[in-house]
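Asks: The following file, run.txt, comprises compact mmCIF, C-alpha atoms and all ligand atoms:
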# COMPACT_ATOMS: atom_id res chain seq x y z
CA MET A 1 2.61 49.89 42.31
CA LYS A 2 3.52 47.50 45.14
CA LYS A 3 7.27 47.32 45.75
CA LYS A 4 8.71 43.83 45.20
CA GLU A 5 9.94 42.29 48.43
CA LYS A 6 13.66 41.56 48.58
CA GLU A 7 14.37 37.82 48.50
CA VAL A 8 16.27 36.29 51.39
CA ILE A 9 17.50 32.78 52.03
CA ARG A 10 15.40 31.39 54.85
CA GLU A 11 16.77 29.17 57.58
CA LYS A 12 16.84 25.48 56.65
CA PHE A 13 14.72 26.26 53.58
CA TRP A 14 15.47 22.80 52.16
CA GLU A 15 13.70 21.19 55.11
CA ASN A 16 11.07 23.77 55.91
CA TYR A 17 9.66 24.44 52.45
CA ALA A 18 8.61 22.45 49.41
CA LEU A 19 10.40 23.06 46.11
CA ASP A 20 7.55 25.15 44.72
CA GLN A 21 7.76 27.44 47.76
CA LEU A 22 11.42 28.32 47.26
CA ASN A 23 12.41 31.76 46.02
CA SER A 24 15.00 32.10 43.26
CA LEU A 25 17.91 32.54 45.70
CA GLU A 26 16.97 29.40 47.58
CA TRP A 27 16.44 27.47 44.35
CA GLU A 28 19.98 28.29 43.24
CA ALA A 29 21.42 27.66 46.71
CA LEU A 30 19.95 24.16 46.79
CA CYS A 31 22.37 22.86 44.15
CA ASP A 32 25.15 20.76 45.71
CA GLY A 33 27.70 21.62 43.00
CA CYS A 34 28.31 17.99 42.06
CA GLY A 35 28.35 18.75 38.32
CA LYS A 36 26.67 15.46 37.47
CA CYS A 37 23.99 17.20 35.41
CA CYS A 38 26.80 18.65 33.26
CA LEU A 39 27.81 15.23 31.93
CA LEU A 40 26.94 14.67 28.28
CA LYS A 41 23.86 12.66 27.43
CA LEU A 42 23.66 10.96 24.04
CA ARG A 43 20.22 10.37 22.59
CA SER A 44 19.34 7.42 20.40
CA LYS A 45 15.86 6.42 19.25
CA SER A 46 14.82 4.66 22.41
CA LYS A 47 17.56 5.42 24.91
CA LEU A 48 19.35 8.16 26.72
CA HIS A 49 22.99 7.21 27.12
CA LEU A 50 24.63 8.83 30.12
CA THR A 51 28.37 9.40 29.82
CA ASN A 52 31.16 10.60 32.05
CA ILE A 53 32.13 13.28 29.53
CA ALA A 54 31.97 16.72 31.13
CA CYS A 55 30.59 19.67 29.17
CA THR A 56 33.03 22.05 27.45
CA GLN A 57 31.92 24.88 29.74
CA ILE A 58 32.72 23.22 33.04
CA ASN A 59 35.78 23.93 35.12
CA LEU A 60 36.71 20.52 36.46
CA ARG A 61 38.80 21.97 39.29
CA ASN A 62 35.63 23.06 41.09
CA CYS A 63 32.84 21.57 38.89
CA ARG A 64 31.44 25.03 38.23
CA CYS A 65 30.15 26.33 34.92
CA LYS A 66 32.50 28.92 33.42
CA ASN A 67 29.62 30.78 31.74
CA TYR A 68 26.69 30.19 34.04
CA GLN A 69 24.72 33.28 32.98
CA ASN A 70 24.90 32.42 29.25
CA ARG A 71 24.95 28.66 29.62
CA THR A 72 21.82 27.81 27.69
CA GLU A 73 22.85 29.99 24.74
CA LEU A 74 26.32 28.44 24.63
CA VAL A 75 25.34 24.81 25.05
CA LYS A 76 22.22 23.59 23.26
CA ASP A 77 21.68 20.65 25.62
CA CYS A 78 22.31 22.56 28.84
CA VAL A 79 19.38 22.07 31.18
CA SER A 80 18.47 25.04 33.30
CA LEU A 81 16.52 23.25 35.98
CA THR A 82 13.23 24.89 36.99
CA MET A 83 10.14 23.85 38.88
CA LYS A 84 8.39 23.49 35.51
CA ASN A 85 10.90 21.16 33.86
CA LEU A 86 12.02 19.22 36.95
CA LYS A 87 9.57 16.36 36.47
CA ILE A 88 10.75 15.44 32.96
CA ASN A 89 14.38 15.67 34.03
CA LEU A 90 14.05 13.52 37.14
CA LYS A 91 14.49 10.35 35.10
CA TRP A 92 18.14 11.09 34.35
CA LEU A 93 19.21 13.30 37.24
CA PRO A 94 21.38 11.41 39.75
CA ASP A 95 19.69 10.06 42.88
CA SER A 96 21.96 12.34 44.90
CA CYS A 97 20.70 15.51 43.17
CA SER A 98 19.35 17.87 45.81
CA TYR A 99 16.32 18.80 43.71
CA LYS A 100 15.41 15.14 43.38
CA LEU A 101 15.90 14.54 47.11
CA VAL A 102 13.80 17.52 48.20
CA SER A 103 11.10 16.67 45.65
CA GLU A 104 10.94 13.21 47.26
CA GLN A 105 10.85 14.80 50.73
CA LYS A 106 14.20 13.27 51.61
CA LEU A 107 16.95 14.85 53.70
CA LEU A 108 20.07 16.37 52.15
CA PRO A 109 23.19 14.23 52.70
CA SER A 110 25.87 15.14 55.24
CA TRP A 111 28.30 16.08 52.43
CA HIS A 112 25.98 18.75 51.00
CA TYR A 113 27.53 22.15 51.65
CA LEU A 114 24.33 23.42 53.28
CA ILE A 115 24.89 20.76 55.96
CA SER A 116 28.69 20.53 56.04
CA LYS A 117 29.15 24.33 55.58
CA ASP A 118 31.98 23.57 53.17
CA ARG A 119 31.67 23.69 49.37
CA ASN A 120 34.53 21.18 49.05
CA THR A 121 32.88 18.32 50.92
CA VAL A 122 31.03 17.16 47.82
CA HIS A 123 34.41 16.69 46.08
CA GLN A 124 36.27 15.29 49.10
CA LYS A 125 33.61 12.64 49.66
CA GLY A 126 33.64 11.64 46.00
CA PHE A 127 30.11 12.75 45.10
CA SER A 128 31.12 15.17 42.34
CA ILE A 129 32.46 14.59 38.85
CA LYS A 130 35.78 16.20 39.73
CA ASP A 131 37.96 13.10 39.64
CA ASN A 132 35.90 10.70 37.58
CA SER A 133 35.01 12.49 34.36
CA VAL A 134 36.77 13.51 31.17
CA HIS A 135 36.51 16.99 29.71
CA GLU A 136 34.67 17.06 26.36
CA THR A 137 37.52 19.01 24.77
CA LYS A 138 39.86 16.02 25.32
CA ILE A 139 37.80 13.52 23.33
CA LYS A 140 37.01 13.05 19.66
CA ARG A 141 33.27 13.05 18.94
CA LYS A 142 33.45 9.64 17.22
CA ASN A 143 34.62 8.15 20.53
CA PHE A 144 31.83 9.55 22.70
CA TYR A 145 30.02 6.20 22.94
CA SER A 146 33.07 4.66 24.61
CA TYR A 147 32.30 6.84 27.62
CA VAL A 148 28.74 5.66 28.22
CA ILE A 149 28.27 4.71 31.88
CA ALA A 150 24.52 4.06 32.01
CA GLU A 151 21.48 3.88 29.76
CA ILE A 152 17.86 4.71 30.46
CA GLU A 153 14.69 4.50 28.38
CA ASN A 154 14.12 7.72 26.46
S1 LIG B 1 22.95 17.12 39.71
FE1 LIG B 1 21.57 18.44 40.85
S2 LIG B 1 22.67 19.02 42.68
FE2 LIG B 1 24.21 18.22 41.23
S3 LIG B 1 24.97 20.03 40.13
FE3 LIG B 1 23.24 19.21 38.97
S4 LIG B 1 21.43 20.34 39.68
FE4 LIG B 1 23.07 20.62 41.19
S1 LIG B 2 26.81 25.00 30.00
FE1 LIG B 2 25.30 23.89 31.23
S2 LIG B 2 25.92 21.73 31.08
FE2 LIG B 2 27.67 22.99 30.46
S3 LIG B 2 28.88 23.31 32.32
FE3 LIG B 2 27.49 25.06 32.12
S4 LIG B 2 25.70 24.50 33.34
FE4 LIG B 2 26.85 22.59 32.95
Let's see the structure in the file written out as C-alpha cells.
Ligand code: SF4
Ligand code: SF4
Replies:
Amino acid sequence: MKKKEKEVIREKFWENYALDQLNSLEWEALCDGCGKCCLLKLRSKSKLHLTNIACTQINLRNCRCKNYQNRTELVKDCVSLTMKNLKINLKWLPDSCSYKLVSEQKLLPSWHYLISKDRNTVHQKGFSIKDNSVHETKIKRKNFYSYVIAEIEN
C-alpha cells in the first residue's frame, strides 16, 4: 500500500492555491480567528437573524473554541466549515472571512495573522468579536432577539 504523504503548509498557500487545492493543515490555518462564525444565528420562517451573542463554547479572551475537537457534538448549530458546505454558508459568513475572500480570489487583509505574523492583530484592529459580543451564558434565551444585528433571507 502506498504510504500517505505527510501534509505540510506551503508558502503563501492562500495566494498560490485555490480552496479546493488546500490540504487539511492549510484549510485550518486559513482561519483568521475572528470568531464571527461563532455568533448565534436565529432562524425564523423566512429569515436568518444574525446576533452578537457568542456561543457558550467560545473563550472571549482570545475568540477560540474551548472544545474545538468536539465542537459539533457539543453545539448543534456549530458549523464545521468544509469545501463541501462552504457555498451554502457563504450567505451568512462575514465579508472578512478568509474562506470567503479566497473563494472570491481576493487578498487576505493586512490584519490577518498570516500577513501580520501576529495572532492578536485581528483583535487589535477590531475585526474579531472580542470586544463587541456578549457571551451566551450571560443572556436569558427569551431576550436573544434583542441582540439581532442583521437579517438575511433564509
Ligand atoms: S468567520 Fe471565517 S475566518 Fe472568522 S473565525 Fe469564522 S471561519 Fe475563521
Ligand atoms: S462550538 Fe462551534 S460555534 Fe461554538 S465556539 Fe466552538 S467552533 Fe464556535
Asks: Could you give me, as a ChimeraX atom specification, every polymer residue with an atom at most 9 Å away from an atom of ligand LIG 1 (chain B), counting all atoms listed in the file?
Replies: /A:28,30-38,63-64,79-81,93-100,112,127-128
Asks: Using only C-alpha atoms and all ligand atoms, find each residue with an atom at most 8 Å away from ligand LIG 2 (chain B) and format the answer as an MDAnalysis selection string.
Replies: chainID A and resid 35 37:40 54:59 63:68 70:72 74:75 77:80
Asks: Within 9 Å of (16.2, 19.7, 56.7) in the file's own coordinates, which protein, DNA or RNA residues have an atom, counting all atoms listed in the file? List them as a list in words.
Replies: Lys12, Phe13, Trp14, Glu15, Asn16, Lys106, Leu107, Leu108 and Ile115 of chain A
Asks: Would you compute the distance between atom CA of A:Lys91 and atom CA of A:Ile152? Give it in Å to one decimal.
Replies: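 So the two atoms, atom CA of A:Lys91 and atom CA of A:Ile152, lie 8.0 Å apart.
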Asks: Box in all listed atoms of stretch 41-59 of chain A, axis-aligned, with 5 Å more on each side; write out centre and edge lengths in Å to one decimal as AutoDock Vina command-line options.
Replies:
--center_x 25.3 --center_y 14.8 --center_z 27.2 --size_x 31.0 --size_y 30.2 --size_z 25.9
Asks: When distances are computed from all atoms listed in the file, which of A:Val102, A:Leu50, A:Ile129, A:Leu86 shows the smallest separation from A:Glu153?
Replies: A:Leu50
Asks: In Å, rounded to a single decimal, give me how far atom CA of A:Glu5 is from atom CA of A:Gln21.
Replies: 15.0 Å
Asks: Hey, can you check how far atom CA of A:Asn132 sits from atom CA of A:Lys87?
Replies: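 Here the two named atoms are 27.0 Å from each other.
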Asks: Residues proximal to (38.7, 17.7, 36.8) were defined as those with any atom within 6 Å of that point in the file's coordinates, counting only C-alpha atoms. Which are they, as a PyMOL selection string?
Replies: chain A and resi 60-61+130-131
Asks: Name the residues in contact with A:Asn23 at a cut-off of 10 Å, using all atoms listed in the file, excluding same-chain residues fewer than 6 positions from it; report them as a PyMOL selection string.
Replies: chain A and resi 7-10+13+29
Asks: Taking only residues of stretch 3-86 of chain A that have an atom at most 7 Å from an atom of stretch 143-150 of chain A, what is each one's shortest atom pair and its distance in Å to one decimal, using all atoms listed in the file, in chain and number order, as a tab-separated table?
Replies:
residue	atom	partner	partner_atom	distance
A:His49	CA	A:Ala150	CA	6.0
A:Leu50	CA	A:Ala150	CA	5.1
A:Thr51	CA	A:Val148	CA	4.1
A:Asn52	CA	A:Tyr147	CA	5.9
A:Ile53	CA	A:Tyr147	CA	6.7
Asks: Rebuild N, CA and C atoms on stretch 52-80 of chain A, as a PDB file, in the coordinates of the input?
Replies:
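Wrote out.pdb, looks like this:
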ATOM      1  N   ASN A  52      30.386   9.835  31.062  1.00  0.00           N
ATOM      2  CA  ASN A  52      31.160  10.600  32.050  1.00  0.00           C
ATOM      3  C   ASN A  52      32.016  11.663  31.356  1.00  0.00           C
ATOM      4  N   ILE A  53      31.469  12.175  30.241  1.00  0.00           N
ATOM      5  CA  ILE A  53      32.130  13.280  29.530  1.00  0.00           C
ATOM      6  C   ILE A  53      31.556  14.603  30.051  1.00  0.00           C
ATOM      7  N   ALA A  54      32.427  15.446  30.548  1.00  0.00           N
ATOM      8  CA  ALA A  54      31.970  16.720  31.130  1.00  0.00           C
ATOM      9  C   ALA A  54      31.910  17.811  30.062  1.00  0.00           C
ATOM     10  N   CYS A  55      30.862  18.574  30.111  1.00  0.00           N
ATOM     11  CA  CYS A  55      30.590  19.670  29.170  1.00  0.00           C
ATOM     12  C   CYS A  55      31.801  20.613  28.971  1.00  0.00           C
ATOM     13  N   THR A  56      31.918  21.127  27.780  1.00  0.00           N
ATOM     14  CA  THR A  56      33.030  22.050  27.450  1.00  0.00           C
ATOM     15  C   THR A  56      33.101  23.244  28.401  1.00  0.00           C
ATOM     16  N   GLN A  57      31.962  23.649  28.938  1.00  0.00           N
ATOM     17  CA  GLN A  57      31.920  24.880  29.740  1.00  0.00           C
ATOM     18  C   GLN A  57      32.257  24.673  31.218  1.00  0.00           C
ATOM     19  N   ILE A  58      32.500  23.434  31.600  1.00  0.00           N
ATOM     20  CA  ILE A  58      32.720  23.220  33.040  1.00  0.00           C
ATOM     21  C   ILE A  58      34.204  23.361  33.399  1.00  0.00           C
ATOM     22  N   ASN A  59      34.426  23.888  34.567  1.00  0.00           N
ATOM     23  CA  ASN A  59      35.780  23.930  35.120  1.00  0.00           C
ATOM     24  C   ASN A  59      35.885  22.735  36.062  1.00  0.00           C
ATOM     25  N   LEU A  60      36.680  21.763  35.676  1.00  0.00           N
ATOM     26  CA  LEU A  60      36.710  20.520  36.460  1.00  0.00           C
ATOM     27  C   LEU A  60      37.501  20.636  37.770  1.00  0.00           C
ATOM     28  N   ARG A  61      38.114  21.791  37.997  1.00  0.00           N
ATOM     29  CA  ARG A  61      38.800  21.970  39.290  1.00  0.00           C
ATOM     30  C   ARG A  61      37.765  22.163  40.415  1.00  0.00           C
ATOM     31  N   ASN A  62      36.636  22.818  40.053  1.00  0.00           N
ATOM     32  CA  ASN A  62      35.630  23.060  41.090  1.00  0.00           C
ATOM     33  C   ASN A  62      34.219  22.613  40.667  1.00  0.00           C
ATOM     34  N   CYS A  63      34.127  22.039  39.441  1.00  0.00           N
ATOM     35  CA  CYS A  63      32.840  21.570  38.890  1.00  0.00           C
ATOM     36  C   CYS A  63      31.828  22.704  38.707  1.00  0.00           C
ATOM     37  N   ARG A  64      32.330  23.885  38.462  1.00  0.00           N
ATOM     38  CA  ARG A  64      31.440  25.030  38.230  1.00  0.00           C
ATOM     39  C   ARG A  64      31.422  25.385  36.750  1.00  0.00           C
ATOM     40  N   CYS A  65      30.280  25.888  36.300  1.00  0.00           N
ATOM     41  CA  CYS A  65      30.150  26.330  34.920  1.00  0.00           C
ATOM     42  C   CYS A  65      30.927  27.637  34.738  1.00  0.00           C
ATOM     43  N   LYS A  66      31.692  27.716  33.646  1.00  0.00           N
ATOM     44  CA  LYS A  66      32.500  28.920  33.420  1.00  0.00           C
ATOM     45  C   LYS A  66      31.657  30.071  32.880  1.00  0.00           C
ATOM     46  N   ASN A  67      30.493  29.747  32.327  1.00  0.00           N
ATOM     47  CA  ASN A  67      29.620  30.780  31.740  1.00  0.00           C
ATOM     48  C   ASN A  67      28.186  30.578  32.189  1.00  0.00           C
ATOM     49  N   TYR A  68      28.003  30.560  33.482  1.00  0.00           N
ATOM     50  CA  TYR A  68      26.690  30.190  34.040  1.00  0.00           C
ATOM     51  C   TYR A  68      25.550  31.073  33.509  1.00  0.00           C
ATOM     52  N   GLN A  69      25.801  32.368  33.408  1.00  0.00           N
ATOM     53  CA  GLN A  69      24.720  33.280  32.980  1.00  0.00           C
ATOM     54  C   GLN A  69      24.275  32.995  31.539  1.00  0.00           C
ATOM     55  N   ASN A  70      25.226  32.628  30.679  1.00  0.00           N
ATOM     56  CA  ASN A  70      24.900  32.420  29.250  1.00  0.00           C
ATOM     57  C   ASN A  70      24.858  30.947  28.875  1.00  0.00           C
ATOM     58  N   ARG A  71      24.759  30.082  29.866  1.00  0.00           N
ATOM     59  CA  ARG A  71      24.950  28.660  29.620  1.00  0.00           C
ATOM     60  C   ARG A  71      24.012  28.073  28.563  1.00  0.00           C
ATOM     61  N   THR A  72      22.758  28.457  28.614  1.00  0.00           N
ATOM     62  CA  THR A  72      21.820  27.810  27.690  1.00  0.00           C
ATOM     63  C   THR A  72      21.987  28.317  26.250  1.00  0.00           C
ATOM     64  N   GLU A  73      22.567  29.509  26.105  1.00  0.00           N
ATOM     65  CA  GLU A  73      22.850  29.990  24.740  1.00  0.00           C
ATOM     66  C   GLU A  73      24.103  29.309  24.190  1.00  0.00           C
ATOM     67  N   LEU A  74      25.054  29.032  25.069  1.00  0.00           N
ATOM     68  CA  LEU A  74      26.320  28.440  24.630  1.00  0.00           C
ATOM     69  C   LEU A  74      26.226  26.942  24.372  1.00  0.00           C
ATOM     70  N   VAL A  75      25.424  26.275  25.172  1.00  0.00           N
ATOM     71  CA  VAL A  75      25.340  24.810  25.050  1.00  0.00           C
ATOM     72  C   VAL A  75      23.875  24.413  24.841  1.00  0.00           C
ATOM     73  N   LYS A  76      23.606  23.920  23.662  1.00  0.00           N
ATOM     74  CA  LYS A  76      22.220  23.590  23.260  1.00  0.00           C
ATOM     75  C   LYS A  76      21.533  22.640  24.264  1.00  0.00           C
ATOM     76  N   ASP A  77      22.278  21.652  24.742  1.00  0.00           N
ATOM     77  CA  ASP A  77      21.680  20.650  25.620  1.00  0.00           C
ATOM     78  C   ASP A  77      21.722  21.010  27.108  1.00  0.00           C
ATOM     79  N   CYS A  78      22.221  22.182  27.421  1.00  0.00           N
ATOM     80  CA  CYS A  78      22.310  22.560  28.840  1.00  0.00           C
ATOM     81  C   CYS A  78      20.900  22.665  29.419  1.00  0.00           C
ATOM     82  N   VAL A  79      20.709  22.040  30.543  1.00  0.00           N
ATOM     83  CA  VAL A  79      19.380  22.070  31.180  1.00  0.00           C
ATOM     84  C   VAL A  79      19.410  23.068  32.334  1.00  0.00           C
ATOM     85  N   SER A  80      18.623  24.101  32.199  1.00  0.00           N
ATOM     86  CA  SER A  80      18.470  25.040  33.300  1.00  0.00           C
ATOM     87  C   SER A  80      17.261  24.545  34.099  1.00  0.00           C
TER      88      SER A  80
END
